[in-house]
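Here is the file run.txt (compact mmCIF, C-alpha atoms).
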# COMPACT_ATOMS: atom_id res chain seq x y z
CA MET A 1 -10.16 3.74 -9.97
CA ARG A 2 -7.00 2.25 -8.46
CA GLY A 3 -7.30 4.44 -5.34
CA PHE A 4 -10.91 3.37 -4.97
CA THR A 5 -9.86 -0.28 -5.20
CA THR A 6 -7.14 0.14 -2.57
CA THR A 7 -9.44 2.17 -0.33
CA GLY A 8 -12.13 -0.45 -0.80
CA LEU A 9 -9.66 -3.19 0.10
CA ILE A 10 -8.60 -1.37 3.27
CA LEU A 11 -12.23 -0.74 4.24
CA GLY A 12 -13.03 -4.37 3.44
CA ILE A 13 -10.28 -5.54 5.77
CA ILE A 14 -11.55 -3.25 8.54
CA PHE A 15 -15.18 -4.31 8.09
CA GLY A 16 -14.08 -7.94 7.86
CA ALA A 17 -12.22 -7.67 11.17
CA VAL A 18 -15.23 -6.03 12.85
CA GLY A 19 -17.54 -8.64 11.37
CA PHE A 20 -15.21 -11.42 12.50
CA TRP A 21 -15.25 -10.04 16.07
CA PHE A 22 -19.03 -9.72 16.05
CA ILE A 23 -19.57 -13.25 14.73
CA GLN A 24 -17.13 -14.62 17.29
CA LYS A 25 -18.93 -12.85 20.14
CA LYS A 26 -22.37 -14.06 19.02
CA ALA A 27 -21.12 -17.62 18.48
CA HIS A 28 -19.93 -17.84 22.08
CA GLU A 29 -23.30 -16.56 23.33
CA HIS A 30 -25.19 -19.23 21.34
CA PRO A 31 -23.56 -22.66 21.31
CA GLU A 32 -25.71 -23.82 18.38
CA ALA A 33 -24.15 -21.02 16.29
CA GLU A 34 -20.61 -22.15 17.12
CA GLN A 35 -20.43 -24.48 14.11
CA ARG A 36 -21.68 -21.78 11.72
CA TYR A 37 -19.11 -19.42 13.19
CA GLU A 38 -16.29 -21.89 12.53
CA GLN A 39 -17.42 -22.31 8.93
CA SER A 40 -17.65 -18.54 8.41
CA ALA A 41 -14.23 -18.02 9.97
CA ALA A 42 -12.72 -20.63 7.63
CA GLN A 43 -14.32 -18.97 4.60
CA LEU A 44 -13.05 -15.57 5.78
CA ARG A 45 -9.49 -16.90 6.14
CA THR A 46 -9.65 -18.41 2.64
CA SER A 47 -10.97 -15.16 1.15
CA ALA A 48 -8.31 -13.09 2.91
CA THR A 49 -5.56 -15.42 1.69
CA GLU A 50 -6.83 -15.21 -1.90
CA ALA A 51 -7.10 -11.40 -1.72
CA ALA A 52 -3.55 -11.11 -0.37
CA HIS A 53 -2.24 -13.40 -3.12
CA ASN A 54 -4.03 -11.41 -5.85
CA MET A 55 -2.75 -8.11 -4.41
CA SER A 56 0.78 -9.51 -4.33
CA ASP A 57 0.57 -10.57 -7.98
CA ALA A 58 -0.79 -7.16 -9.00
CA LEU A 59 1.96 -5.35 -7.11
CA ARG A 60 4.63 -7.55 -8.68
CA ALA A 61 3.30 -6.71 -12.17
CA LYS A 62 3.17 -3.01 -11.32
CA LEU A 63 6.79 -3.06 -10.08
CA GLU A 64 7.84 -4.64 -13.36
CA THR A 65 5.91 -2.10 -15.45
CA LEU A 66 7.36 0.87 -13.53
CA ASP A 67 10.95 -0.39 -13.78
CA LEU A 68 11.12 -0.90 -10.02
CA ARG A 69 13.01 -4.20 -9.91
CA THR A 70 15.84 -4.51 -7.40
CA ASP A 71 18.60 -4.22 -10.01
CA GLN A 72 17.01 -1.12 -11.55
CA ILE A 73 16.57 0.56 -8.17
CA THR A 74 20.12 -0.22 -7.09
CA ASP A 75 21.51 1.11 -10.38
CA GLU A 76 19.44 4.31 -10.28
CA LEU A 77 20.30 4.95 -6.63
CA SER A 78 24.02 4.59 -7.35
CA ARG A 79 23.77 6.98 -10.34
CA ASN A 80 21.34 9.61 -8.99
CA GLY A 81 20.91 9.03 -5.26
CA LYS A 82 17.14 8.99 -5.70
CA ILE A 83 14.29 7.29 -7.53
CA PHE A 84 11.83 9.25 -9.70
CA ARG A 85 8.82 7.78 -11.49
CA ARG A 86 5.87 9.45 -13.22
CA LYS A 87 2.47 7.89 -13.77
CA ALA A 88 1.87 6.74 -17.32
CA GLN A 89 -1.34 8.77 -17.42
CA ASP A 90 -0.22 12.06 -15.90
CA ILE A 91 -3.13 14.16 -14.73
CA GLY A 92 -1.48 17.13 -16.44
CA ASP A 93 -2.78 20.56 -15.61
CA GLN A 94 -5.42 19.44 -13.11
CA VAL A 95 -5.37 21.65 -10.05
CA VAL A 96 -4.74 19.60 -6.94
CA ASN A 97 -5.68 21.40 -3.74
CA ALA A 98 -4.22 21.04 -0.25
CA ALA A 99 -7.06 18.78 0.89
CA SER A 100 -6.31 16.38 -1.96
CA ASP A 101 -2.60 16.39 -1.04
CA THR A 102 -3.43 15.65 2.59
CA ARG A 103 -5.76 12.84 1.54
CA ALA A 104 -3.08 11.38 -0.73
CA VAL A 105 -0.50 11.34 2.09
CA ALA A 106 -3.01 9.72 4.45
CA GLU A 107 -3.83 7.04 1.87
CA ILE A 108 -0.14 6.38 1.18
CA LYS A 109 0.61 6.04 4.90
CA ALA A 110 -2.40 3.70 5.30
CA LYS A 111 -1.01 1.50 2.52
CA TYR A 112 2.38 1.37 4.25
CA ALA A 113 0.73 0.55 7.57
CA ALA A 114 -1.16 -2.35 5.96
CA ASP A 115 1.98 -3.72 4.29
CA ALA A 116 3.91 -6.34 6.25
CA THR A 117 7.35 -5.32 4.93
CA LEU A 118 7.19 -1.52 5.09
CA SER A 119 7.31 0.51 8.29
CA VAL A 120 4.99 3.49 8.33
CA TRP A 121 7.25 4.92 11.06
CA SER A 122 10.43 4.76 8.94
CA ILE A 123 9.02 6.38 5.80
CA SER A 124 8.06 10.03 5.58
CA ALA A 125 5.69 11.09 2.80
CA GLY A 126 4.90 14.63 1.70
CA CYS A 127 2.72 15.82 -1.17
CA THR A 128 2.48 19.19 -2.93
CA GLN A 129 0.13 19.55 -5.90
CA GLY A 130 0.29 15.82 -6.54
CA HIS A 131 4.09 15.58 -6.35
CA VAL A 132 5.02 13.08 -3.63
CA ASN A 133 8.37 13.00 -1.85
CA LEU A 134 9.38 9.91 0.11
CA SER A 135 12.26 9.90 2.57
CA GLY A 136 13.49 7.72 5.40
CA THR A 137 14.82 4.21 5.54
CA VAL A 138 13.80 0.76 4.33
CA ALA A 139 15.37 -2.68 4.68
CA SER A 140 16.03 -3.41 0.97
CA PRO A 141 15.89 -1.98 -2.56
CA ASP A 142 12.75 -4.10 -3.08
CA ASP A 143 11.09 -2.08 -0.31
CA ILE A 144 11.90 1.15 -2.16
CA GLY A 145 10.12 -0.25 -5.20
CA ARG A 146 7.11 -1.29 -3.12
CA ALA A 147 6.90 2.13 -1.47
CA VAL A 148 7.14 4.02 -4.80
CA ALA A 149 4.61 1.74 -6.52
CA MET A 150 2.11 2.07 -3.67
CA ALA A 151 2.46 5.87 -3.70
CA LEU A 152 2.00 6.00 -7.50
CA GLY A 153 -1.15 3.92 -7.15
CA THR A 154 -2.80 6.64 -5.06
CA ASP A 155 -5.41 8.95 -6.60
CA GLY A 156 -4.18 12.52 -7.02
CA VAL A 157 -0.50 11.53 -7.19
CA ARG A 158 1.24 12.79 -10.33
CA ASP A 159 4.76 11.59 -9.62
CA VAL A 160 6.97 10.27 -6.84
CA THR A 161 10.51 11.20 -5.88
CA SER A 162 12.17 8.85 -3.42
CA THR A 163 15.28 9.52 -1.39
CA LEU A 164 14.64 6.42 0.71
CA GLU A 165 17.85 4.85 1.96
CA VAL A 166 18.51 1.15 2.36
CA LYS A 167 19.46 0.31 5.93
CA PRO A 168 18.99 -3.39 6.70
CA LYS A 169 17.30 -4.19 10.01
CA VAL A 170 19.72 -5.11 12.74

Taking this structure as input, can you express it in the form of structure tokens?
Amino acid sequence: MRGFTTTGLILGIIFGAVGFWFIQKKAHEHPEAEQRYEQSAAQLRTSATEAAHNMSDALRAKLETLDLRTDQITDELSRNGKIFRRKAQDIGDQVVNAASDTRAVAEIKAKYAADATLSVWSISAGCTQGHVNLSGTVASPDDIGRAVAMALGTDGVRDVTSTLEVKPKV
């Protein structure tokens, strides 16, 4: 259900952007519709702000639940050199095929692309039978937590191993 919610959110953002463009175009063609366009645009901005706030709160709670706070990540990285988390409800012996792995990686990368703090170009994600490996660089330990939590929230993902390195932006 979580993957469906995230996918729905991403599709909602895409459809919202297309709808926004269409409304804007039509409003300029019909001056009497200009006022309705402005009202719709204001409502869209409000809705997008509320959705972003709710998503931020949900992610913060998830980071807490998965022990992905900055101090925990820093400690685990210094001890092990990597981060490993398993979903609370492991899908166990379910057979995950290559198409599912490919879909999971695509969904993870889409989440990173939609996130303002993570760079889809700096994080590599691979998936084999539901086991995700993340590598690359991020700007802070918080970003490692965000990346791991987003990957764990993807349907078909059993666990995540991260060897992401912290390299602050210059």

How many Å separate atom CA of A:Glu165 from atom CA of A:Lys111?
->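 About the pair atom CA of A:Glu165 and atom CA of A:Lys111: they are 19.2 Å apart.
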
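Here atom CA of A:Val148 stands at a distance of 13.8 Å from atom CA of A:Thr74.
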
Atomic separation - atom CA of A:Asp57 relative to atom CA of A:Asn133, Å = 25.6 Å

Counting all atoms listed in the file, what is within 6 Å of stretch 135-138 of chain A, bar same-chain residues fewer than 6 positions away, as a list in words?
->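 The residues that qualify are Ser122, Ile123, Ser124, Thr163, Leu164, Glu165, Val166 and Lys167 of chain A.
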
Do you know which residues are at most 8 Å from A:Val105 counting only C-alpha atoms, after dropping those on the same chain fewer than 4 positions away, and could you put them as a PyMOL selection string?
-> chain A and resi 101+109+125-127

Hey, can you spit out that residue selection with C-alpha atoms as an mmCIF file, in the coordinates of the input?
data_model
loop_
_atom_site.group_PDB
_atom_site.id
_atom_site.type_symbol
_atom_site.label_atom_id
_atom_site.label_comp_id
_atom_site.auth_asym_id
_atom_site.auth_seq_id
_atom_site.Cartn_x
_atom_site.Cartn_y
_atom_site.Cartn_z
ATOM 1 C CA ASP A 101 -2.600 16.390 -1.040
ATOM 2 C CA LYS A 109 0.610 6.040 4.900
ATOM 3 C CA ALA A 125 5.690 11.090 2.800
ATOM 4 C CA GLY A 126 4.900 14.630 1.700
ATOM 5 C CA CYS A 127 2.720 15.820 -1.170
#

Nearest to A:Ala147: which of A:Leu63, A:Pro168, A:Thr46, A:Ala106 is it, counting all atoms listed in the file?
-> A:Leu63

Nearest to A:Thr117 among A:Arg103, A:Leu68, A:Leu77, A:Lys169, with distances taken over all atoms listed in the file: which residue is it?
->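 Among the listed residues, A:Lys169 lies closest to A:Thr117.
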
Residue among A:Ala116, A:Ala99, A:Ala110, A:Ala104 lying closest to A:His131, counting only C-alpha atoms =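 For A:His131, the nearest of the given residues is A:Ala104.
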
Shell around A:Gly145 at 8 Å using all atoms listed in the file, local window under 4 positions removed, as number ranges by chain = A: 63, 68-70, 73, 141, 149

Counting all atoms listed in the file, the residue of A:Ile144, A:Ala113, A:Ala61, A:Leu152 that sits nearest A:Val132 =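 Smallest distance to A:Val132 is found for A:Leu152.
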
Min atom-atom distance to A:Thr65 from the set A:Arg79, A:Arg86, A:Ile13, A:Arg45, counting only C-alpha atoms, belongs to A:Arg86

Measuring atom to atom with only C-alpha atoms, identify which of A:Thr161, A:Ala42, A:Trp21, A:Ala139 is nearest to A:Gly81.
-> A:Thr161
